[in-house]
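K.L.:
Supplied structure: protein_17.cif, mmCIF, C-alpha atoms.
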```
data_start
loop_
_atom_site.label_atom_id
_atom_site.label_comp_id
_atom_site.auth_asym_id
_atom_site.auth_seq_id
_atom_site.Cartn_x
_atom_site.Cartn_y
_atom_site.Cartn_z
CA MET H 129 158.73 161.76 26.38
CA SER H 130 155.84 162.81 28.66
CA ILE H 131 155.65 161.24 32.12
CA LEU H 132 152.07 162.48 32.64
CA GLU H 133 149.28 163.01 30.12
CA LEU H 134 145.69 164.18 30.63
CA SER H 135 143.30 163.90 27.69
CA HIS H 136 139.84 165.53 27.68
CA VAL H 137 139.32 165.00 31.41
CA ASN H 138 136.01 166.12 32.95
CA LYS H 139 134.84 166.06 36.56
CA SER H 140 131.64 167.32 38.20
CA PHE H 141 130.32 167.24 41.74
CA GLY H 142 126.57 167.26 41.36
CA THR H 143 125.72 170.16 39.06
CA ASN H 144 129.08 171.87 39.70
CA LYS H 145 131.52 171.20 36.84
CA VAL H 146 134.96 171.44 38.41
CA ILE H 147 137.14 170.19 35.52
CA ASP H 148 136.09 170.98 31.95
CA ASP H 149 137.79 169.16 29.04
CA LEU H 150 141.26 169.35 30.56
CA SER H 151 144.22 168.21 28.43
CA PHE H 152 147.93 168.74 29.02
CA SER H 153 151.17 166.76 29.25
CA VAL H 154 154.24 167.02 31.49
CA PRO H 155 157.65 166.24 29.88
CA GLU H 156 160.14 164.07 31.74
CA HIS H 157 162.78 165.81 33.88
CA SER H 158 160.96 169.12 33.91
CA ILE H 159 159.53 171.29 36.69
CA PHE H 160 155.89 171.95 35.86
CA GLY H 161 154.02 174.76 37.61
CA PHE H 162 150.28 174.20 38.05
CA ILE H 163 148.65 177.51 38.98
CA GLY H 164 145.16 178.91 39.41
CA GLN H 165 142.84 180.60 41.86
CA ASN H 166 141.34 178.82 44.86
CA GLY H 167 138.60 176.56 43.53
CA ALA H 168 140.06 176.42 40.03
CA GLY H 169 140.33 172.60 40.22
CA LYS H 170 144.04 172.03 40.90
CA THR H 171 143.64 169.73 43.91
CA THR H 172 140.81 167.83 42.20
CA THR H 173 143.11 167.26 39.21
CA MET H 174 145.93 166.01 41.41
CA LYS H 175 143.58 163.61 43.20
CA MET H 176 142.49 162.18 39.84
CA ILE H 177 146.13 161.74 38.83
CA LEU H 178 146.64 159.79 42.08
CA GLY H 179 143.58 157.62 41.41
CA LEU H 180 141.78 158.98 44.47
CA LEU H 181 138.98 160.52 42.40
CA LYS H 182 137.35 159.07 39.29
CA PRO H 183 137.05 161.33 36.22
CA ASP H 184 133.60 161.49 34.65
CA SER H 185 135.26 161.13 31.25
CA GLY H 186 138.67 161.36 29.58
CA GLN H 187 141.82 159.55 30.57
CA ILE H 188 145.03 160.08 32.52
CA THR H 189 148.27 158.18 31.96
CA VAL H 190 151.39 158.09 34.13
CA HIS H 191 154.52 156.61 32.56
CA LYS H 192 152.30 155.52 29.61
CA GLN H 193 150.04 153.48 31.93
CA LEU H 194 146.36 154.29 32.40
CA VAL H 195 145.38 155.60 35.83
CA SER H 196 142.49 153.57 37.27
CA PHE H 197 140.38 154.83 40.15
CA GLY H 198 140.92 152.78 43.30
CA GLN H 199 143.54 150.48 41.74
CA ASN H 200 146.44 152.92 42.01
CA SER H 201 149.02 150.69 40.31
CA THR H 202 150.42 153.82 38.63
CA ASN H 203 151.20 155.28 42.06
CA GLN H 204 154.36 153.16 42.12
CA TYR H 205 155.77 155.87 39.83
CA ILE H 206 154.54 158.80 41.95
CA GLY H 207 155.73 160.56 45.08
CA TYR H 208 153.19 162.89 46.69
CA LEU H 209 153.56 165.78 49.13
CA PRO H 210 150.21 167.21 50.33
CA ASP H 211 149.90 170.86 51.32
CA VAL H 212 149.91 169.95 55.03
CA PRO H 213 151.78 166.65 55.47
CA SER H 214 151.06 164.59 58.60
CA PHE H 215 153.58 162.53 60.54
CA TYR H 216 153.91 160.42 63.67
CA ASP H 217 155.24 163.12 65.97
CA PHE H 218 156.90 160.68 68.39
CA MET H 219 159.37 159.55 65.69
CA THR H 220 162.62 161.06 64.44
CA SER H 221 163.15 161.74 60.71
CA ALA H 222 165.17 158.54 60.28
CA GLU H 223 162.61 156.43 62.14
CA TYR H 224 159.78 157.82 60.03
CA LEU H 225 161.56 157.11 56.74
CA THR H 226 162.43 153.61 57.98
CA MET H 227 158.76 152.90 58.68
CA CYS H 228 157.72 154.23 55.24
CA GLY H 229 160.37 152.11 53.54
CA GLN H 230 159.22 148.98 55.37
CA ILE H 231 155.60 149.62 54.36
CA THR H 232 156.59 149.87 50.70
CA GLY H 233 158.68 146.68 50.80
CA MET H 234 162.18 148.12 50.65
CA THR H 235 165.00 146.06 52.15
CA ASN H 236 166.77 147.30 55.28
CA ALA H 237 169.90 148.03 53.22
CA GLN H 238 167.88 150.03 50.69
CA ILE H 239 166.12 151.97 53.43
CA LYS H 240 169.37 152.83 55.20
CA LYS H 241 171.11 153.99 52.01
CA ARG H 242 168.18 155.93 50.59
CA SER H 243 167.23 157.55 53.91
CA ALA H 244 170.78 158.80 54.41
CA GLU H 245 170.83 160.27 50.88
CA LEU H 246 167.48 162.00 51.27
CA LEU H 247 168.05 163.37 54.77
CA ARG H 248 171.30 164.86 53.49
CA LEU H 249 169.46 166.30 50.47
CA VAL H 250 166.82 168.04 52.60
CA GLY H 251 169.26 169.14 55.32
CA LEU H 252 167.96 166.93 58.15
CA GLU H 253 170.86 164.48 58.39
CA GLN H 254 172.01 165.94 61.72
CA SER H 255 168.55 166.16 63.26
CA ARG H 256 167.94 163.79 66.18
CA GLN H 257 164.88 165.56 67.59
CA TYR H 258 161.35 164.21 67.43
CA ILE H 259 159.10 165.43 64.63
CA ARG H 260 156.81 167.10 67.17
CA GLY H 261 159.49 169.77 67.58
CA PHE H 262 159.88 170.45 63.86
CA SER H 263 159.10 173.82 62.28
CA ARG H 264 156.74 174.00 59.28
CA GLY H 265 159.73 174.21 56.94
CA MET H 266 161.39 171.14 58.48
CA LYS H 267 158.16 169.17 58.09
CA GLN H 268 157.92 170.20 54.43
CA ARG H 269 161.50 169.05 53.86
CA LEU H 270 160.83 165.73 55.58
CA GLY H 271 157.69 165.38 53.44
CA ILE H 272 159.77 165.78 50.29
CA ALA H 273 162.23 163.15 51.56
CA GLN H 274 159.36 160.72 52.21
CA ALA H 275 157.84 161.42 48.76
CA LEU H 276 161.20 160.68 47.10
CA LEU H 277 161.94 157.53 49.11
CA ASN H 278 161.02 155.10 46.31
CA SER H 279 162.77 157.16 43.61
CA PRO H 280 159.52 158.13 41.84
CA LYS H 281 159.39 159.18 38.22
CA LEU H 282 156.88 161.93 39.10
CA LEU H 283 156.88 164.07 42.25
CA ILE H 284 153.59 165.90 42.91
CA CYS H 285 153.65 168.72 45.46
CA ASP H 286 150.51 170.59 46.53
CA GLU H 287 151.44 174.12 47.69
CA PRO H 288 154.89 173.07 48.98
CA THR H 289 155.98 176.60 49.92
CA SER H 290 152.72 177.85 51.47
CA ALA H 291 153.05 179.46 54.92
CA LEU H 292 156.86 179.41 54.75
CA ASP H 293 159.09 182.44 55.25
CA PRO H 294 161.39 183.51 52.35
CA ALA H 295 164.31 181.42 53.66
CA GLY H 296 162.11 178.33 54.00
CA ARG H 297 160.66 178.86 50.51
CA LYS H 298 164.15 179.11 49.04
CA GLU H 299 165.18 175.85 50.73
CA ILE H 300 162.19 173.98 49.26
CA LEU H 301 162.66 175.45 45.78
CA ASP H 302 166.37 174.59 45.81
CA ILE H 303 165.49 170.99 46.73
CA LEU H 304 162.95 170.74 43.90
CA CYS H 305 165.53 172.07 41.43
CA SER H 306 168.14 169.58 42.65
CA VAL H 307 165.91 166.51 42.06
CA LYS H 308 164.98 167.47 38.49
CA GLU H 309 167.76 165.28 37.06
CA HIS H 310 166.19 162.17 38.55
CA THR H 311 162.46 162.88 38.63
CA THR H 312 159.81 165.14 37.12
CA VAL H 313 158.22 167.70 39.44
CA LEU H 314 154.63 168.95 39.25
CA PHE H 315 153.70 171.49 41.90
CA SER H 316 150.78 173.79 42.51
CA THR H 317 151.25 177.18 44.12
CA HIS H 318 149.83 180.67 44.50
CA ILE H 319 153.30 182.21 44.75
CA LEU H 320 153.91 183.20 41.14
CA SER H 321 157.48 184.39 41.76
CA ASP H 322 158.32 180.78 42.76
CA VAL H 323 156.92 179.58 39.43
CA GLU H 324 158.95 182.15 37.48
CA ARG H 325 162.09 181.16 39.37
CA ILE H 326 162.18 177.39 38.83
CA CYS H 327 159.55 176.17 36.35
CA ASP H 328 160.27 174.95 32.83
CA ARG H 329 156.59 174.84 31.89
CA ILE H 330 153.38 176.28 33.29
CA ALA H 331 149.67 175.47 33.12
CA LEU H 332 147.08 177.98 34.34
CA LEU H 333 143.73 176.51 35.32
CA HIS H 334 140.75 178.89 35.42
CA ASN H 335 137.19 177.77 36.16
CA GLY H 336 138.20 174.18 35.46
CA ARG H 337 139.59 174.93 32.00
CA LEU H 338 143.17 175.29 30.79
CA SER H 339 143.72 178.98 30.01
CA LEU H 340 147.50 179.02 29.48
CA ASN H 341 149.98 176.22 28.83
CA GLY H 342 153.59 176.33 27.69
CA THR H 343 157.05 177.51 28.66
CA LEU H 344 157.39 180.74 30.61
CA GLU H 345 158.84 182.44 27.52
CA GLU H 346 155.96 181.24 25.32
CA ILE H 347 153.38 182.41 27.83
CA LYS H 348 154.98 185.82 28.32
CA SER H 349 155.12 186.32 24.54
CA MET H 350 151.32 186.01 24.44
CA LYS H 351 151.00 189.37 26.18
CA LYS H 352 151.29 192.14 23.66
CA GLY H 353 153.39 195.20 24.30
CA GLY H 354 154.75 195.39 27.80
CA ARG H 355 155.68 198.29 30.04
CA ILE H 356 158.31 201.01 29.87
CA GLU H 357 159.78 202.47 33.04
CA VAL H 358 161.27 205.97 33.07
CA GLU H 359 163.25 207.30 36.03
CA PHE H 360 164.17 211.00 36.27
CA CYS H 361 166.75 212.89 38.28
CA ASN H 362 164.09 215.00 39.95
CA ALA H 363 160.36 215.09 40.61
CA LYS H 364 159.82 218.22 38.48
CA ASP H 365 160.91 216.46 35.29
CA ALA H 366 158.78 213.44 36.23
CA GLU H 367 155.72 215.71 36.43
CA ALA H 368 156.61 217.29 33.07
CA PHE H 369 156.79 213.80 31.53
CA MET H 370 153.36 213.04 33.04
CA LEU H 371 151.93 215.94 31.03
CA LEU H 372 153.41 214.50 27.82
CA TYR H 373 152.15 210.97 28.59
CA PRO H 374 148.95 211.28 30.71
CA ASP H 375 148.47 207.49 30.72
CA SER H 376 151.71 206.94 32.61
CA ILE H 377 151.57 205.93 36.28
CA HIS H 378 153.81 207.04 39.14
CA THR H 379 155.59 204.18 40.96
CA ASN H 380 157.43 206.72 43.12
CA GLU H 381 158.18 210.45 43.07
CA THR H 382 160.68 210.29 40.21
CA THR H 383 159.70 207.07 38.39
CA LEU H 384 156.81 206.40 36.01
CA GLN H 385 155.59 203.44 33.96
CA LEU H 386 153.54 203.36 30.78
CA LEU H 387 152.41 200.75 28.29
CA SER H 388 154.59 200.14 25.27
CA LYS H 389 152.63 201.04 22.13
CA GLY H 390 154.87 199.61 19.44
CA GLU H 391 158.43 198.97 18.32
CA HIS H 392 159.33 202.66 18.18
CA SER H 393 158.00 203.62 21.62
CA MET H 394 161.46 203.78 23.17
CA ALA H 395 162.75 205.96 20.30
CA GLU H 396 159.70 208.23 20.54
CA ILE H 397 160.18 208.66 24.27
CA MET H 398 163.88 209.45 23.83
CA THR H 399 162.94 212.10 21.25
CA GLN H 400 160.42 213.68 23.62
CA LEU H 401 162.92 213.66 26.47
CA SER H 402 165.50 215.40 24.30
CA HIS H 403 163.08 217.99 22.89
CA ASN H 404 161.86 218.91 26.37
CA SER H 405 165.30 218.77 28.03
CA LEU H 406 164.18 216.36 30.72
CA SER H 407 166.90 214.91 32.95
CA LEU H 408 166.76 211.15 32.51
CA ARG H 409 168.36 208.72 34.96
CA ARG H 410 167.06 205.45 33.47
CA LEU H 411 164.85 204.22 30.61
CA GLU H 412 163.97 200.51 30.59
CA LYS H 413 161.55 198.23 28.79
CA LEU H 414 160.09 195.75 31.29
CA GLU H 415 159.17 192.17 30.46
CA PRO H 416 155.59 191.07 31.20
CA HIS H 417 155.27 189.43 34.61
CA LEU H 418 153.48 186.14 35.14
CA GLU H 419 151.33 188.00 37.66
CA ASP H 420 150.13 190.36 34.90
CA LEU H 421 149.06 187.40 32.77
CA PHE H 422 147.47 185.63 35.73
CA LEU H 423 145.38 188.68 36.63
CA GLU H 424 144.48 189.27 32.98
CA VAL H 425 143.15 185.72 32.59
CA THR H 426 141.38 185.44 35.93
CA ALA H 427 139.66 188.82 35.49
CA LYS H 428 137.79 187.56 32.41
#
```
Take the structure I supplied and represent it as structure tokens, if you would.

P.N.:
Amino acid sequence: MSILELSHVNKSFGTNKVIDDLSFSVPEHSIFGFIGQNGAGKTTTMKMILGLLKPDSGQITVHKQLVSFGQNSTNQYIGYLPDVPSFYDFMTSAEYLTMCGQITGMTNAQIKKRSAELLRLVGLEQSRQYIRGFSRGMKQRLGIAQALLNSPKLLICDEPTSALDPAGRKEILDILCSVKEHTTVLFSTHILSDVERICDRIALLHNGRLSLNGTLEEIKSMKKGGRIEVEFCNAKDAEAFMLLYPDSIHTNETTLQLLSKGEHSMAEIMTQLSHNSLSLRRLEKLEPHLEDLFLEVTAK
């Protein structure tokens, strides 16, 4: 079952068409990566899903209910984390979640139980300091806790790992993976390694249109060939290999890469290495990277 569906959605601002016939669906209990260049239309799409912008045409459904601009009844199923969440800095984490729970009509018992669960989940259960003293990573983790407070069926995160160091990024990604059992996650990002690490499905938006959509394996299989990496025991043999394969590229003094040209490329290379008595340390066929596909699409 799909928790989110977009069907032939279009959106323009004046003469600038930002979203062009966009259709995709997000399965329940999946982590869905929404990627694209700056200006591709990701944030505009998320605002339409939240009912904050009105599509020019097409329709969006959340939990099989039609999203209506300004009515926002479907937002009862959604938790949202903006790219730069704002808080009342004079509050603690627990006080902030208590206020959010009261606004949404939760009982005091529900707020207390859910807040304790979520603060433990995001690693802030021991924090007694005011939010004004939080690091960027701590604020992102509190933002996730707030977005999950009402146990949403869909969690939307806009650039949740932007401006975080590697440790902070890992913390956020681990949290998103841990909530997958209970909610569906849709997040936009420019960090493609994060997408490869945790996403079940991916959609690539380019110039307002959907260029790629599917599982990571399906999308990688669209790229023909791949690369072969050859590592030698010494630089002399690496240079000799370069003469045999002029299209190969040095990645360091003793290692080269070249495009795979068919099923028998590995066998052909092994034959050439043997015939020329080149000292091989490693021969490996590399899978296509999401970055390769991203650059290939966005360069068109």

K.L.:
In the coordinate frame of the file, compute which residues have an atom within 10 Å of (154.8, 185.5, 41.0) when using all atoms listed in the file, and state them as a list in words.

P.N.:
Thr317, His318, Ile319, Leu320, Ser321, Asp322, Val323, Glu324, Arg325, His417, Leu418, Glu419, Asp420 and Phe422 of chain H

K.L.:
Given the selection you just returned, output its residues as a file containing C-alpha atoms, formatted as a CSV table (one decimal), in the frame of the given file.

P.N.:
```csv
chain,number,residue,atom,x,y,z
H,317,THR,CA,151.2,177.2,44.1
H,318,HIS,CA,149.8,180.7,44.5
H,319,ILE,CA,153.3,182.2,44.8
H,320,LEU,CA,153.9,183.2,41.1
H,321,SER,CA,157.5,184.4,41.8
H,322,ASP,CA,158.3,180.8,42.8
H,323,VAL,CA,156.9,179.6,39.4
H,324,GLU,CA,159.0,182.2,37.5
H,325,ARG,CA,162.1,181.2,39.4
H,417,HIS,CA,155.3,189.4,34.6
H,418,LEU,CA,153.5,186.1,35.1
H,419,GLU,CA,151.3,188.0,37.7
H,420,ASP,CA,150.1,190.4,34.9
H,422,PHE,CA,147.5,185.6,35.7
```

K.L.:
Distance atom CA of Leu194 of chain H-atom CA of Ile177 of chain H, one decimal place?

P.N.:
9.8 Å

K.L.:
Go through the shown structure with the PyMOL selection byres ((chain H and resi 215-224) around 9) and write out the matching residues as a PyMOL selection string.

P.N.:
chain H and resi 213-214+225-229+240+243-244+247+252-253+255-262+267+270-271+274

K.L.:
Calculate how many Å separate atom CA of Gln238 of chain H from atom CA of Arg269 of chain H, rounding to one decimal.

P.N.:
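Distance reported for this atom pair: 20.3 Å.
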
K.L.:
May I have the residues at most 8 Å from (146.1, 167.9, 32.7) in the file's coordinates, counting only C-alpha atoms, as an MDAnalysis selection string?

P.N.:
chainID H and resid 133:135 137 150:153 173 188

K.L.:
Distance atom CA of Leu249 of chain H-atom CA of Lys298 of chain H, one decimal place?

P.N.:
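Going from atom CA of Leu249 of chain H over to atom CA of Lys298 of chain H covers 13.9 Å.
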
K.L.:
Report as a list in words the full result of the PyMOL selection byres ((chain H and resi 412) around 9) when it is applied to this structure.

P.N.:
Arg355, Ile356, Glu357, Val358, Glu359, Met394, Arg410, Leu411, Lys413 and Leu414 of chain H

K.L.:
Between H:Asp302, H:Glu345, H:Asp148, H:Asp211, which is the closest to Asp286 of chain H once you count only C-alpha atoms?

P.N.:
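Distance minimum relative to Asp286 of chain H lands on H:Asp211.
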
K.L.:
Could you list, as a count of residues only, every residue matched by the PyMOL selection byres ((chain H and resi 368) around 12) in this structure?

P.N.:
24

K.L.:
Would you mind writing segment 279-290 of chain H with all heavy atoms, as a short mmCIF file (atom, residue, chain, number, x, y, z; two decimals), keeping the file's coordinate frame?

P.N.:
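part_10.cif, freshly written:
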```
data_model
loop_
_atom_site.label_atom_id
_atom_site.label_comp_id
_atom_site.auth_asym_id
_atom_site.auth_seq_id
_atom_site.Cartn_x
_atom_site.Cartn_y
_atom_site.Cartn_z
N SER H 279 162.24 156.65 44.87
CA SER H 279 162.77 157.16 43.61
C SER H 279 161.69 157.26 42.54
O SER H 279 161.78 156.65 41.47
CB SER H 279 163.92 156.26 43.11
OG SER H 279 164.94 156.17 44.07
N PRO H 280 160.63 158.05 42.79
CA PRO H 280 159.52 158.13 41.84
C PRO H 280 159.91 158.82 40.55
O PRO H 280 160.85 159.62 40.51
CB PRO H 280 158.48 158.96 42.60
CG PRO H 280 159.31 159.83 43.50
CD PRO H 280 160.45 158.97 43.94
N LYS H 281 159.18 158.51 39.50
CA LYS H 281 159.39 159.18 38.22
C LYS H 281 158.67 160.53 38.17
O LYS H 281 159.00 161.39 37.37
CB LYS H 281 158.92 158.29 37.07
CG LYS H 281 159.75 157.01 36.93
CD LYS H 281 159.32 156.20 35.72
CE LYS H 281 160.20 154.96 35.57
NZ LYS H 281 161.63 155.30 35.34
N LEU H 282 157.65 160.70 39.05
CA LEU H 282 156.88 161.93 39.10
C LEU H 282 156.68 162.32 40.56
O LEU H 282 156.16 161.53 41.35
CB LEU H 282 155.52 161.75 38.41
CG LEU H 282 154.54 162.92 38.49
CD1 LEU H 282 155.09 164.15 37.76
CD2 LEU H 282 153.18 162.52 37.91
N LEU H 283 157.09 163.53 40.91
CA LEU H 283 156.88 164.07 42.25
C LEU H 283 155.80 165.14 42.17
O LEU H 283 155.96 166.13 41.45
CB LEU H 283 158.18 164.67 42.80
CG LEU H 283 158.09 165.41 44.14
CD1 LEU H 283 157.68 164.47 45.26
CD2 LEU H 283 159.41 166.11 44.46
N ILE H 284 154.70 164.94 42.89
CA ILE H 284 153.59 165.90 42.91
C ILE H 284 153.58 166.60 44.26
O ILE H 284 153.51 165.95 45.30
CB ILE H 284 152.24 165.19 42.66
CG1 ILE H 284 152.23 164.53 41.28
CG2 ILE H 284 151.09 166.18 42.78
CD1 ILE H 284 150.96 163.73 41.00
N CYS H 285 153.63 167.93 44.23
CA CYS H 285 153.65 168.72 45.46
C CYS H 285 152.50 169.72 45.42
O CYS H 285 152.39 170.51 44.48
CB CYS H 285 154.96 169.49 45.60
SG CYS H 285 156.45 168.46 45.63
N ASP H 286 151.66 169.68 46.44
CA ASP H 286 150.51 170.59 46.53
C ASP H 286 150.87 171.73 47.48
O ASP H 286 150.98 171.54 48.69
CB ASP H 286 149.29 169.81 47.05
CG ASP H 286 147.99 170.60 46.93
OD1 ASP H 286 148.05 171.76 46.46
OD2 ASP H 286 146.94 170.07 47.30
N GLU H 287 151.09 172.92 46.91
CA GLU H 287 151.44 174.12 47.69
C GLU H 287 152.64 173.87 48.63
O GLU H 287 152.54 174.08 49.84
CB GLU H 287 150.23 174.58 48.52
CG GLU H 287 149.01 174.93 47.71
CD GLU H 287 149.09 176.30 47.05
OE1 GLU H 287 150.03 177.05 47.37
OE2 GLU H 287 148.23 176.61 46.21
N PRO H 288 153.78 173.44 48.10
CA PRO H 288 154.89 173.07 48.98
C PRO H 288 155.53 174.23 49.73
O PRO H 288 156.20 174.00 50.74
CB PRO H 288 155.90 172.43 48.02
CG PRO H 288 155.62 173.08 46.70
CD PRO H 288 154.13 173.27 46.68
N THR H 289 155.33 175.47 49.25
CA THR H 289 155.98 176.60 49.92
C THR H 289 154.98 177.48 50.67
O THR H 289 155.34 178.56 51.14
CB THR H 289 156.75 177.47 48.91
OG1 THR H 289 155.84 177.93 47.88
CG2 THR H 289 157.87 176.69 48.27
N SER H 290 153.72 177.03 50.78
CA SER H 290 152.72 177.85 51.47
C SER H 290 153.07 177.98 52.94
O SER H 290 153.56 177.05 53.58
CB SER H 290 151.33 177.23 51.32
OG SER H 290 151.27 175.98 51.96
#
```
